[in-house]
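Listing of work_32.csv; format and content: CSV, N, CA and C atoms.
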chain,number,residue,atom,x,y,z
A,614,GLN,N,68.0,-43.6,-43.1
A,614,GLN,CA,66.6,-43.2,-43.4
A,614,GLN,C,65.8,-43.3,-42.1
A,615,VAL,N,65.0,-42.3,-41.9
A,615,VAL,CA,64.1,-42.3,-40.7
A,615,VAL,C,62.6,-42.2,-41.2
A,616,HIS,N,61.8,-43.2,-40.8
A,616,HIS,CA,60.4,-43.1,-41.1
A,616,HIS,C,59.7,-42.7,-39.9
A,617,LEU,N,58.7,-41.7,-40.0
A,617,LEU,CA,58.0,-41.2,-38.9
A,617,LEU,C,56.5,-41.5,-39.2
A,618,VAL,N,55.8,-42.0,-38.1
A,618,VAL,CA,54.4,-42.3,-38.3
A,618,VAL,C,53.7,-41.6,-37.1
A,619,GLU,N,52.8,-40.7,-37.6
A,619,GLU,CA,52.0,-40.0,-36.6
A,619,GLU,C,50.7,-40.7,-36.3
A,620,SER,N,50.1,-40.4,-35.2
A,620,SER,CA,48.8,-40.9,-34.8
A,620,SER,C,48.2,-39.9,-33.7
A,621,GLY,N,46.9,-40.1,-33.5
A,621,GLY,CA,46.3,-39.3,-32.4
A,621,GLY,C,45.4,-38.1,-32.8
A,622,GLY,N,45.4,-37.8,-34.1
A,622,GLY,CA,44.5,-36.7,-34.5
A,622,GLY,C,43.1,-37.1,-34.4
A,623,GLY,N,42.2,-36.1,-34.7
A,623,GLY,CA,40.8,-36.4,-34.6
A,623,GLY,C,40.0,-35.1,-34.6
A,624,SER,N,38.8,-35.2,-34.2
A,624,SER,CA,37.9,-34.0,-34.1
A,624,SER,C,37.5,-33.8,-32.6
A,625,VAL,N,37.5,-32.6,-32.2
A,625,VAL,CA,37.3,-32.3,-30.8
A,625,VAL,C,36.6,-30.9,-30.8
A,626,GLN,N,35.9,-30.6,-29.7
A,626,GLN,CA,35.3,-29.3,-29.5
A,626,GLN,C,36.3,-28.4,-28.9
A,627,ALA,N,36.0,-27.1,-29.1
A,627,ALA,CA,36.9,-26.1,-28.5
A,627,ALA,C,37.0,-26.3,-27.0
A,628,GLY,N,38.2,-26.2,-26.5
A,628,GLY,CA,38.4,-26.4,-25.1
A,628,GLY,C,38.9,-27.8,-24.7
A,629,GLY,N,38.8,-28.7,-25.7
A,629,GLY,CA,39.1,-30.1,-25.5
A,629,GLY,C,40.6,-30.3,-25.6
A,630,SER,N,41.0,-31.6,-25.5
A,630,SER,CA,42.4,-32.0,-25.6
A,630,SER,C,42.6,-33.1,-26.5
A,631,LEU,N,43.8,-33.2,-27.1
A,631,LEU,CA,44.2,-34.3,-27.9
A,631,LEU,C,45.7,-34.5,-27.7
A,632,ARG,N,46.2,-35.8,-27.9
A,632,ARG,CA,47.6,-36.0,-27.8
A,632,ARG,C,48.0,-36.7,-29.1
A,633,LEU,N,49.0,-36.1,-29.8
A,633,LEU,CA,49.5,-36.6,-31.0
A,633,LEU,C,50.8,-37.4,-30.6
A,634,SER,N,51.0,-38.5,-31.4
A,634,SER,CA,52.2,-39.3,-31.2
A,634,SER,C,53.0,-39.4,-32.6
A,635,CYS,N,54.3,-39.5,-32.5
A,635,CYS,CA,55.1,-39.7,-33.7
A,635,CYS,C,56.1,-40.8,-33.3
A,636,ALA,N,56.0,-41.9,-34.0
A,636,ALA,CA,56.9,-43.0,-33.7
A,636,ALA,C,58.0,-43.1,-34.8
A,637,PRO,N,59.3,-43.0,-34.5
A,637,PRO,CA,60.3,-43.1,-35.5
A,637,PRO,C,60.6,-44.6,-35.8
A,638,SER,N,61.0,-44.9,-37.0
A,638,SER,CA,61.4,-46.3,-37.3
A,638,SER,C,62.7,-46.7,-36.8
A,639,THR,N,63.6,-45.7,-36.5
A,639,THR,CA,64.9,-46.0,-36.0
A,639,THR,C,65.4,-44.9,-35.2
A,640,VAL,N,66.4,-45.2,-34.4
A,640,VAL,CA,67.0,-44.2,-33.5
A,640,VAL,C,68.3,-43.8,-34.1
A,641,SER,N,68.5,-42.5,-34.2
A,641,SER,CA,69.8,-42.0,-34.7
A,641,SER,C,70.3,-40.9,-33.8
A,642,TRP,N,71.6,-41.0,-33.5
A,642,TRP,CA,72.3,-39.9,-32.7
A,642,TRP,C,72.3,-38.6,-33.5
A,643,ASN,N,72.2,-38.7,-34.8
A,643,ASN,CA,72.3,-37.5,-35.6
A,643,ASN,C,70.9,-36.8,-35.8
A,644,VAL,N,69.9,-37.3,-35.2
A,644,VAL,CA,68.6,-36.6,-35.2
A,644,VAL,C,68.6,-35.7,-33.9
A,645,HIS,N,68.9,-34.4,-34.1
A,645,HIS,CA,69.1,-33.5,-32.9
A,645,HIS,C,67.8,-32.8,-32.6
A,646,CYS,N,66.9,-32.7,-33.5
A,646,CYS,CA,65.7,-32.0,-33.3
A,646,CYS,C,64.5,-32.7,-33.9
A,647,MET,N,63.4,-32.7,-33.1
A,647,MET,CA,62.2,-33.2,-33.7
A,647,MET,C,61.1,-32.2,-33.4
A,648,ALA,N,60.2,-32.0,-34.4
A,648,ALA,CA,59.3,-30.9,-34.3
A,648,ALA,C,57.9,-31.3,-34.8
A,649,TRP,N,57.0,-30.5,-34.4
A,649,TRP,CA,55.6,-30.6,-34.9
A,649,TRP,C,55.3,-29.4,-35.7
A,650,PHE,N,54.8,-29.6,-36.9
A,650,PHE,CA,54.4,-28.5,-37.8
A,650,PHE,C,52.9,-28.6,-38.0
A,651,ARG,N,52.3,-27.5,-38.4
A,651,ARG,CA,50.9,-27.5,-38.7
A,651,ARG,C,50.7,-26.8,-40.1
A,652,GLN,N,49.8,-27.3,-40.8
A,652,GLN,CA,49.5,-26.7,-42.1
A,652,GLN,C,48.0,-26.7,-42.4
A,653,VAL,N,47.5,-25.6,-42.9
A,653,VAL,CA,46.1,-25.5,-43.3
A,653,VAL,C,46.1,-25.2,-44.8
A,654,PRO,N,45.0,-25.6,-45.5
A,654,PRO,CA,45.0,-25.4,-46.9
A,654,PRO,C,45.2,-23.9,-47.3
A,655,GLY,N,46.1,-23.7,-48.3
A,655,GLY,CA,46.4,-22.3,-48.7
A,655,GLY,C,47.4,-21.6,-48.0
A,656,LYS,N,47.9,-22.2,-46.9
A,656,LYS,CA,49.0,-21.5,-46.1
A,656,LYS,C,50.2,-22.4,-46.0
A,657,GLU,N,51.3,-21.8,-45.7
A,657,GLU,CA,52.6,-22.5,-45.5
A,657,GLU,C,52.6,-23.3,-44.2
A,658,ARG,N,53.4,-24.3,-44.3
A,658,ARG,CA,53.5,-25.1,-43.1
A,658,ARG,C,54.3,-24.3,-42.0
A,659,GLU,N,53.7,-24.3,-40.8
A,659,GLU,CA,54.3,-23.5,-39.7
A,659,GLU,C,54.7,-24.4,-38.5
A,660,VAL,N,55.8,-24.0,-37.9
A,660,VAL,CA,56.2,-24.7,-36.7
A,660,VAL,C,55.3,-24.5,-35.5
A,661,VAL,N,55.0,-25.6,-34.8
A,661,VAL,CA,54.2,-25.5,-33.6
A,661,VAL,C,55.1,-25.6,-32.4
A,662,ALA,N,56.0,-26.7,-32.4
A,662,ALA,CA,56.8,-26.9,-31.2
A,662,ALA,C,58.0,-27.7,-31.7
A,663,ILE,N,59.1,-27.5,-31.0
A,663,ILE,CA,60.4,-28.2,-31.3
A,663,ILE,C,61.0,-28.8,-30.1
A,664,PHE,N,61.5,-30.0,-30.2
A,664,PHE,CA,62.1,-30.7,-29.1
A,664,PHE,C,63.6,-31.0,-29.4
A,665,TYR,N,64.4,-30.6,-28.4
A,665,TYR,CA,65.8,-30.9,-28.6
A,665,TYR,C,66.1,-32.3,-28.0
A,666,THR,N,66.5,-33.2,-28.9
A,666,THR,CA,66.6,-34.6,-28.4
A,666,THR,C,67.7,-34.9,-27.5
A,667,ASN,N,68.7,-34.0,-27.5
A,667,ASN,CA,69.9,-34.2,-26.7
A,667,ASN,C,69.9,-33.3,-25.5
A,668,GLY,N,68.8,-32.7,-25.2
A,668,GLY,CA,68.8,-31.7,-24.1
A,668,GLY,C,68.6,-30.3,-24.5
A,669,GLY,N,67.9,-29.5,-23.8
A,669,GLY,CA,67.6,-28.2,-24.2
A,669,GLY,C,66.2,-27.8,-24.0
A,670,SER,N,65.9,-26.6,-23.9
A,670,SER,CA,64.5,-26.2,-23.6
A,670,SER,C,63.7,-26.3,-24.9
A,671,PRO,N,62.5,-26.8,-24.9
A,671,PRO,CA,61.7,-26.9,-26.1
A,671,PRO,C,61.3,-25.5,-26.5
A,672,TYR,N,60.9,-25.4,-27.8
A,672,TYR,CA,60.4,-24.1,-28.4
A,672,TYR,C,58.9,-24.3,-28.7
A,673,TYR,N,58.2,-23.2,-28.4
A,673,TYR,CA,56.8,-23.2,-28.8
A,673,TYR,C,56.4,-22.0,-29.6
A,674,ALA,N,55.6,-22.1,-30.5
A,674,ALA,CA,55.1,-21.0,-31.2
A,674,ALA,C,54.2,-20.2,-30.2
A,675,ASP,N,54.2,-18.9,-30.4
A,675,ASP,CA,53.4,-18.0,-29.5
A,675,ASP,C,52.0,-18.4,-29.4
A,676,SER,N,51.4,-18.9,-30.4
A,676,SER,CA,50.0,-19.2,-30.5
A,676,SER,C,49.6,-20.4,-29.6
A,677,VAL,N,50.6,-21.3,-29.3
A,677,VAL,CA,50.3,-22.5,-28.5
A,677,VAL,C,51.0,-22.5,-27.1
A,678,THR,N,51.8,-21.5,-26.9
A,678,THR,CA,52.5,-21.5,-25.6
A,678,THR,C,51.5,-21.5,-24.4
A,679,GLY,N,51.8,-22.4,-23.5
A,679,GLY,CA,50.9,-22.5,-22.3
A,679,GLY,C,49.8,-23.5,-22.5
A,680,ARG,N,49.6,-23.9,-23.8
A,680,ARG,CA,48.5,-24.9,-24.0
A,680,ARG,C,49.0,-26.2,-24.6
A,681,PHE,N,50.1,-26.2,-25.3
A,681,PHE,CA,50.7,-27.4,-25.9
A,681,PHE,C,52.0,-27.8,-25.1
A,682,THR,N,52.2,-29.1,-25.1
A,682,THR,CA,53.5,-29.6,-24.5
A,682,THR,C,54.1,-30.6,-25.4
A,683,ILE,N,55.3,-30.4,-25.8
A,683,ILE,CA,56.1,-31.4,-26.6
A,683,ILE,C,57.0,-32.2,-25.7
A,684,SER,N,57.0,-33.5,-25.9
A,684,SER,CA,57.9,-34.4,-25.1
A,684,SER,C,58.3,-35.6,-25.9
A,685,GLN,N,59.2,-36.3,-25.4
A,685,GLN,CA,59.7,-37.5,-26.0
A,685,GLN,C,59.9,-38.7,-25.0
A,686,ASP,N,59.4,-39.8,-25.4
A,686,ASP,CA,59.7,-41.0,-24.6
A,686,ASP,C,61.1,-41.4,-24.7
A,687,SER,N,61.8,-41.5,-23.5
A,687,SER,CA,63.2,-41.8,-23.5
A,687,SER,C,63.6,-43.2,-23.9
A,688,VAL,N,62.6,-44.1,-23.9
A,688,VAL,CA,62.9,-45.5,-24.2
A,688,VAL,C,62.6,-45.7,-25.7
A,689,LYS,N,61.4,-45.3,-26.1
A,689,LYS,CA,61.0,-45.6,-27.5
A,689,LYS,C,61.3,-44.5,-28.5
A,690,ASP,N,61.7,-43.4,-27.9
A,690,ASP,CA,61.9,-42.2,-28.8
A,690,ASP,C,60.7,-41.6,-29.5
A,691,THR,N,59.5,-42.1,-29.0
A,691,THR,CA,58.3,-41.6,-29.6
A,691,THR,C,58.1,-40.1,-29.1
A,692,LEU,N,57.8,-39.3,-30.1
A,692,LEU,CA,57.5,-37.8,-29.8
A,692,LEU,C,56.1,-37.6,-29.6
A,693,TYR,N,55.7,-36.8,-28.7
A,693,TYR,CA,54.3,-36.5,-28.3
A,693,TYR,C,54.1,-35.0,-28.4
A,694,LEU,N,52.8,-34.7,-28.7
A,694,LEU,CA,52.4,-33.3,-28.6
A,694,LEU,C,51.0,-33.3,-27.8
A,695,GLN,N,51.1,-32.9,-26.6
A,695,GLN,CA,49.9,-32.8,-25.8
A,695,GLN,C,49.2,-31.5,-26.0
A,696,MET,N,48.0,-31.5,-26.5
A,696,MET,CA,47.3,-30.2,-26.9
A,696,MET,C,46.1,-30.1,-26.0
A,697,SER,N,46.1,-29.0,-25.3
A,697,SER,CA,45.0,-28.7,-24.4
A,697,SER,C,44.4,-27.3,-24.7
A,698,SER,N,43.2,-27.1,-24.2
A,698,SER,CA,42.5,-25.9,-24.4
A,698,SER,C,42.5,-25.5,-25.9
A,699,LEU,N,42.1,-26.5,-26.7
A,699,LEU,CA,42.2,-26.4,-28.1
A,699,LEU,C,41.2,-25.3,-28.6
A,700,LYS,N,41.6,-24.6,-29.7
A,700,LYS,CA,40.8,-23.6,-30.3
A,700,LYS,C,40.6,-23.9,-31.7
A,701,PRO,N,39.5,-23.4,-32.3
A,701,PRO,CA,39.3,-23.6,-33.8
A,701,PRO,C,40.4,-23.3,-34.6
A,702,GLU,N,41.2,-22.3,-34.3
A,702,GLU,CA,42.4,-21.9,-35.1
A,702,GLU,C,43.5,-22.9,-35.0
A,703,ASP,N,43.4,-23.9,-34.1
A,703,ASP,CA,44.4,-25.0,-34.1
A,703,ASP,C,44.1,-26.0,-35.1
A,704,THR,N,43.0,-25.9,-35.8
A,704,THR,CA,42.7,-26.9,-36.8
A,704,THR,C,43.7,-26.9,-37.9
A,705,GLY,N,44.1,-28.1,-38.4
A,705,GLY,CA,45.0,-28.2,-39.5
A,705,GLY,C,45.6,-29.7,-39.5
A,706,ARG,N,46.5,-29.9,-40.4
A,706,ARG,CA,47.1,-31.2,-40.5
A,706,ARG,C,48.5,-31.0,-39.8
A,707,TYR,N,48.7,-31.9,-38.9
A,707,TYR,CA,49.9,-31.8,-38.1
A,707,TYR,C,50.9,-32.8,-38.5
A,708,TYR,N,52.1,-32.4,-38.7
A,708,TYR,CA,53.2,-33.2,-39.2
A,708,TYR,C,54.3,-33.3,-38.2
A,709,CYS,N,54.9,-34.5,-38.1
A,709,CYS,CA,56.1,-34.7,-37.3
A,709,CYS,C,57.3,-34.6,-38.2
A,710,ALA,N,58.4,-34.0,-37.7
A,710,ALA,CA,59.5,-33.9,-38.6
A,710,ALA,C,60.8,-34.1,-37.8
A,711,ALA,N,61.8,-34.6,-38.4
A,711,ALA,CA,63.1,-34.8,-37.8
A,711,ALA,C,64.2,-34.1,-38.5
A,712,TYR,N,65.1,-33.5,-37.7
A,712,TYR,CA,66.3,-32.8,-38.3
A,712,TYR,C,67.5,-33.6,-38.1
A,713,TRP,N,68.0,-34.1,-39.2
A,713,TRP,CA,69.2,-35.0,-39.1
A,713,TRP,C,70.4,-34.3,-39.6
A,714,THR,N,71.5,-34.3,-38.9
A,714,THR,CA,72.7,-33.6,-39.4
A,714,THR,C,73.9,-34.2,-38.6
A,715,THR,N,75.0,-34.3,-39.3
A,715,THR,CA,76.2,-34.7,-38.7
A,715,THR,C,77.0,-33.6,-38.0
A,716,PHE,N,76.5,-32.4,-38.2
A,716,PHE,CA,77.1,-31.2,-37.6
A,716,PHE,C,76.0,-30.4,-37.0
A,717,PHE,N,75.8,-30.4,-35.7
A,717,PHE,CA,74.8,-29.6,-35.1
A,717,PHE,C,75.3,-28.4,-34.4
A,718,ALA,N,74.9,-27.3,-34.7
A,718,ALA,CA,75.4,-26.0,-34.2
A,718,ALA,C,74.8,-25.7,-32.8
A,719,GLY,N,73.8,-26.4,-32.4
A,719,GLY,CA,73.2,-26.2,-31.1
A,719,GLY,C,71.8,-25.5,-31.2
A,720,LEU,N,71.3,-25.1,-32.3
A,720,LEU,CA,70.0,-24.4,-32.4
A,720,LEU,C,69.2,-25.2,-33.5
A,721,CYS,N,68.0,-25.6,-33.0
A,721,CYS,CA,67.1,-26.3,-34.0
A,721,CYS,C,66.5,-25.3,-34.9
A,722,PRO,N,66.4,-25.6,-36.2
A,722,PRO,CA,65.7,-24.7,-37.1
A,722,PRO,C,64.2,-24.7,-36.9
A,723,ALA,N,63.6,-23.6,-37.3
A,723,ALA,CA,62.2,-23.4,-37.2
A,723,ALA,C,61.5,-23.5,-38.6
A,724,GLY,N,62.3,-23.5,-39.6
A,724,GLY,CA,61.7,-23.6,-41.0
A,724,GLY,C,61.6,-25.0,-41.4
A,725,PRO,N,60.5,-25.3,-42.1
A,725,PRO,CA,60.2,-26.7,-42.5
A,725,PRO,C,61.2,-27.2,-43.5
A,726,ASN,N,61.8,-26.3,-44.3
A,726,ASN,CA,62.7,-26.8,-45.4
A,726,ASN,C,64.0,-27.4,-44.9
A,727,GLU,N,64.3,-27.2,-43.6
A,727,GLU,CA,65.5,-27.7,-43.1
A,727,GLU,C,65.4,-29.1,-42.4
A,728,TYR,N,64.2,-29.5,-42.3
A,728,TYR,CA,63.9,-30.8,-41.7
A,728,TYR,C,64.0,-31.9,-42.8
A,729,ASN,N,64.7,-33.0,-42.5
A,729,ASN,CA,65.0,-34.0,-43.5
A,729,ASN,C,63.9,-35.1,-43.7
A,730,TYR,N,63.2,-35.4,-42.5
A,730,TYR,CA,62.3,-36.5,-42.6
A,730,TYR,C,60.9,-36.0,-42.0
A,731,TRP,N,59.9,-36.6,-42.7
A,731,TRP,CA,58.5,-36.2,-42.3
A,731,TRP,C,57.6,-37.4,-42.2
A,732,GLY,N,56.6,-37.2,-41.4
A,732,GLY,CA,55.6,-38.2,-41.4
A,732,GLY,C,54.5,-37.8,-42.4
A,733,GLN,N,53.5,-38.6,-42.4
A,733,GLN,CA,52.4,-38.4,-43.4
A,733,GLN,C,51.4,-37.4,-42.9
A,734,GLY,N,51.4,-37.0,-41.7
A,734,GLY,CA,50.5,-36.1,-41.1
A,734,GLY,C,49.3,-36.7,-40.5
A,735,THR,N,48.7,-36.0,-39.6
A,735,THR,CA,47.4,-36.4,-38.9
A,735,THR,C,46.5,-35.2,-38.8
A,736,GLN,N,45.3,-35.3,-39.1
A,736,GLN,CA,44.4,-34.2,-39.1
A,736,GLN,C,43.8,-33.9,-37.7
A,737,VAL,N,43.8,-32.6,-37.4
A,737,VAL,CA,43.2,-32.2,-36.1
A,737,VAL,C,42.1,-31.1,-36.5
A,738,THR,N,40.9,-31.4,-36.1
A,738,THR,CA,39.8,-30.5,-36.4
A,738,THR,C,39.2,-30.1,-35.0
A,739,VAL,N,39.1,-28.8,-34.8
A,739,VAL,CA,38.5,-28.2,-33.6
A,739,VAL,C,37.3,-27.4,-33.9
A,740,SER,N,36.2,-27.8,-33.4
A,740,SER,CA,35.0,-27.1,-33.7
A,740,SER,C,34.6,-26.2,-32.6
A,741,SER,N,33.9,-25.1,-33.0
A,741,SER,CA,33.5,-24.1,-31.9
A,741,SER,C,32.2,-24.4,-31.3
Any chance you could give the structure as C-alpha coordinates?
Amino acid sequence: QVHLVESGGGSVQAGGSLRLSCAPSTVSWNVHCMAWFRQVPGKEREVVAIFYTNGGSPYYADSVTGRFTISQDSVKDTLYLQMSSLKPEDTGRYYCAAYWTTFFAGLCPAGPNEYNYWGQGTQVTVSS
(Lines of atoms letter the chains of each structure in order from A and count residues from 1; the text may use other names and numbers.)
(Lines give C-alpha, C1' and ligand atoms only; values in the text may rest on other atoms or scores of the structure.)
Protein backbone atom coordinates (compact mmCIF):
# COMPACT_ATOMS: atom_id res chain seq x y z
CA GLN A 1 0.00 0.00 0.00
CA VAL A 2 1.29 3.42 -0.95
CA HIS A 3 -0.16 6.55 0.53
CA LEU A 4 0.46 9.82 -1.26
CA VAL A 5 0.15 13.23 0.34
CA GLU A 6 0.13 16.34 -1.82
CA SER A 7 0.88 19.87 -0.75
CA GLY A 8 1.73 23.22 -2.29
CA GLY A 9 -1.50 24.25 -3.97
CA GLY A 10 -2.98 27.70 -3.61
CA SER A 11 -4.14 30.80 -5.41
CA VAL A 12 -1.91 32.78 -7.71
CA GLN A 13 -2.25 35.39 -10.41
CA ALA A 14 -1.63 34.58 -14.03
CA GLY A 15 2.07 34.49 -14.78
CA GLY A 16 2.94 33.33 -11.31
CA SER A 17 4.49 30.10 -10.09
CA LEU A 18 3.69 27.30 -7.69
CA ARG A 19 5.41 24.10 -6.70
CA LEU A 20 3.42 21.04 -5.79
CA SER A 21 4.85 18.22 -3.69
CA CYS A 22 3.78 14.62 -3.32
CA ALA A 23 5.24 12.59 -0.49
CA PRO A 24 4.86 8.81 -0.61
CA SER A 25 4.47 6.85 2.61
CA THR A 26 6.77 4.11 1.40
CA VAL A 27 9.26 3.37 -1.33
CA SER A 28 8.53 0.50 -3.69
CA TRP A 29 10.63 -0.82 -6.53
CA ASN A 30 7.37 -1.71 -8.26
CA VAL A 31 6.26 1.91 -8.55
CA HIS A 32 7.59 2.60 -12.03
CA CYS A 33 5.68 5.74 -12.83
CA MET A 34 4.46 8.70 -10.87
CA ALA A 35 2.27 11.33 -12.39
CA TRP A 36 0.34 14.52 -11.83
CA PHE A 37 -3.23 14.71 -13.02
CA ARG A 38 -5.57 17.66 -13.10
CA GLN A 39 -9.33 17.76 -12.83
CA VAL A 40 -11.89 20.52 -13.09
CA PRO A 41 -15.57 20.13 -12.25
CA GLY A 42 -17.53 18.44 -15.00
CA LYS A 43 -14.47 17.17 -16.82
CA GLU A 44 -12.46 14.00 -16.74
CA ARG A 45 -9.19 13.81 -14.91
CA GLU A 46 -6.36 14.50 -17.36
CA VAL A 47 -2.68 13.80 -17.18
CA VAL A 48 -0.37 16.78 -16.78
CA ALA A 49 3.04 15.16 -16.42
CA ILE A 50 4.55 11.71 -15.89
CA PHE A 51 7.85 10.78 -14.25
CA TYR A 52 9.66 7.53 -14.90
CA THR A 53 11.05 6.56 -11.50
CA ASN A 54 13.70 4.22 -12.87
CA GLY A 55 14.93 6.50 -15.62
CA GLY A 56 13.49 7.83 -18.82
CA SER A 57 12.33 11.09 -20.23
CA PRO A 58 9.32 12.64 -18.52
CA TYR A 59 6.10 13.22 -20.39
CA TYR A 60 4.22 16.49 -20.46
CA ALA A 61 0.83 17.35 -21.80
CA ASP A 62 1.03 19.79 -24.69
CA SER A 63 -0.74 22.44 -22.66
CA VAL A 64 2.02 22.57 -20.04
CA THR A 65 5.15 21.81 -22.06
CA GLY A 66 7.78 24.43 -21.47
CA ARG A 67 6.04 25.78 -18.36
CA PHE A 68 5.88 22.82 -15.96
CA THR A 69 8.67 20.57 -14.74
CA ILE A 70 8.19 17.23 -13.01
CA SER A 71 10.96 15.85 -10.84
CA GLN A 72 11.62 13.53 -7.94
CA ASP A 73 13.86 13.80 -4.93
CA SER A 74 16.27 10.87 -5.12
CA VAL A 75 16.51 10.52 -1.34
CA LYS A 76 12.97 11.04 -0.11
CA ASP A 77 11.21 10.00 -3.31
CA THR A 78 9.05 13.09 -3.05
CA LEU A 79 7.54 14.02 -6.40
CA TYR A 80 7.40 17.65 -7.44
CA LEU A 81 5.63 19.68 -10.06
CA GLN A 82 7.15 23.09 -10.64
CA MET A 83 4.57 25.24 -12.40
CA SER A 84 5.59 28.51 -13.98
CA SER A 85 3.89 31.07 -16.22
CA LEU A 86 0.60 29.88 -14.86
CA LYS A 87 -2.57 30.54 -16.82
CA PRO A 88 -6.21 30.63 -15.70
CA GLU A 89 -6.79 27.42 -17.64
CA ASP A 90 -4.32 25.68 -15.30
CA THR A 91 -6.90 26.01 -12.54
CA GLY A 92 -8.05 22.70 -11.13
CA ARG A 93 -7.47 20.10 -8.50
CA TYR A 94 -4.13 18.44 -8.93
CA TYR A 95 -3.65 14.82 -7.97
CA CYS A 96 -0.51 12.80 -7.52
CA ALA A 97 -0.69 9.19 -8.66
CA ALA A 98 1.53 6.13 -8.61
CA TYR A 99 1.58 3.23 -11.06
CA TRP A 100 2.49 0.01 -9.27
CA THR A 101 3.09 -3.17 -11.21
CA THR A 102 5.24 -6.27 -10.95
CA PHE A 103 5.59 -6.32 -14.72
CA PHE A 104 6.56 -3.05 -16.35
CA ALA A 105 6.64 -2.99 -20.13
CA GLY A 106 8.59 0.25 -20.24
CA LEU A 107 5.89 2.79 -21.02
CA CYS A 108 4.01 4.71 -18.35
CA PRO A 109 0.28 4.93 -18.92
CA ALA A 110 -1.40 8.26 -19.49
CA GLY A 111 -4.88 7.22 -18.42
CA PRO A 112 -5.97 7.72 -14.83
CA ASN A 113 -7.65 4.33 -14.56
CA GLU A 114 -4.32 2.53 -14.71
CA TYR A 115 -2.84 4.24 -11.69
CA ASN A 116 -3.21 2.31 -8.47
CA TYR A 117 -2.59 4.90 -5.80
CA TRP A 118 -3.80 8.46 -5.47
CA GLY A 119 -3.38 11.38 -3.18
CA GLN A 120 -6.23 13.50 -1.92
CA GLY A 121 -5.50 16.32 -4.32
CA THR A 122 -4.53 19.93 -3.90
CA GLN A 123 -6.36 22.90 -5.38
CA VAL A 124 -4.65 25.33 -7.73
CA THR A 125 -6.47 28.50 -8.69
CA VAL A 126 -5.03 30.93 -11.20
CA SER A 127 -6.74 34.27 -11.59
CA SER A 128 -6.45 36.55 -14.58
Please check which residues have atoms at most 8 Å from (63.4, -26.6, -31.0) in the file's coordinates, counting only C-alpha atoms, and write them as a ChimeraX atom specification.
/A:646-648,662-665,670-673,720-723
Shortest interatomic distance to Phe717 of chain A - which of A:Thr704, A:Asn667, A:Ser697, A:Thr678, counting only C-alpha atoms:
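Result for the nearest residue to Phe717 of chain A: A:Asn667.
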In Å, with one decimal, what is the gap from atom C of His645 of chain A to atom CA of Tyr707 of chain A?
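Separation of atom C of His645 of chain A and atom CA of Tyr707 of chain A: 18.8 Å.
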Computed interatomic separation between atom CA of Lys656 of chain A and atom N of Ala627 of chain A (Å)
22.1 Å
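Each of A:Ser741, A:Gln695, A:Arg651, A:Gln626 was checked against Thr682 of chain A using only N, CA and C atoms; the smallest atom-to-atom distance is that of A:Gln695.
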Mind checking DSSP for segment 614-740 of chain A and telling me the helix (DSSP H, G or I) residues as a list of chain:residue names?
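Written out, the helix (DSSP H, G or I) residues of segment 614-740 of chain A are A:Pro701, A:Glu702, A:Asp703, A:Pro725, A:Asn726, A:Glu727.
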Can you work out which one of A:Phe716, A:Tyr730, A:Tyr693, A:Tyr708 has the shortest atom-to-atom distance to Phe650 of chain A, counting all atoms listed in the file?
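Closest to Phe650 of chain A of all the choices is A:Tyr708.
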Do you have the atom C of Ser698 of chain A-atom N of Arg680 of chain A distance handy?
7.6 Å
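Near Arg706 of chain A, within a cut-off of 8 Å and counting only N, CA and C atoms, sit the residues Phe650, Arg651, Gln652, Val653, Pro654, Gln733, Gly734, Thr735, Gln736, Val737 and Thr738 of chain A, with same-chain residues fewer than 6 positions away left out.
For the set A:Gly655, A:Pro725, A:Gly628, A:Pro637, the residue with the smallest atom-to-atom gap to Pro701 of chain A is A:Gly628, counting only N, CA and C atoms.
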Ranking A:Leu617, A:Val660, A:Ala636, A:Val644 by minimum distance to Val688 of chain A and counting only C-alpha atoms, which one comes first?
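Between A:Leu617, A:Val660, A:Ala636, A:Val644, the residue approaching Val688 of chain A most closely is A:Ala636.
Backbone DSSP assigns strand (DSSP E) in segment 667-707 of chain A to Tyr672, Tyr673, Phe681, Thr682, Ile683, Ser684, Gln685, Leu692, Tyr693, Leu694, Gln695, Met696, Gly705, Arg706 and Tyr707 of chain A.
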So, counting only N, CA and C atoms, which residue among A:Thr715, A:Gly669, A:Gly623, A:Val661 is closest to Trp649 of chain A?
A:Val661
Per-axis box centre and lengths in Å around segment 645-653 of chain A, 5 Å margin per side, axis-aligned, as lines of an AutoDock Vina configuration file:
center_x = 57.6
center_y = -29.8
center_z = -38.7
size_x = 33.0
size_y = 19.2
size_z = 22.2
For Gly629 of chain A, please output as a list in words all residues within 10 Å (counting only C-alpha atoms; exclusion window: fewer than 5 positions along the same chain).
Ser624, Met696, Ser697, Ser698, Leu699, Lys700, Val739 and Ser740 of chain A
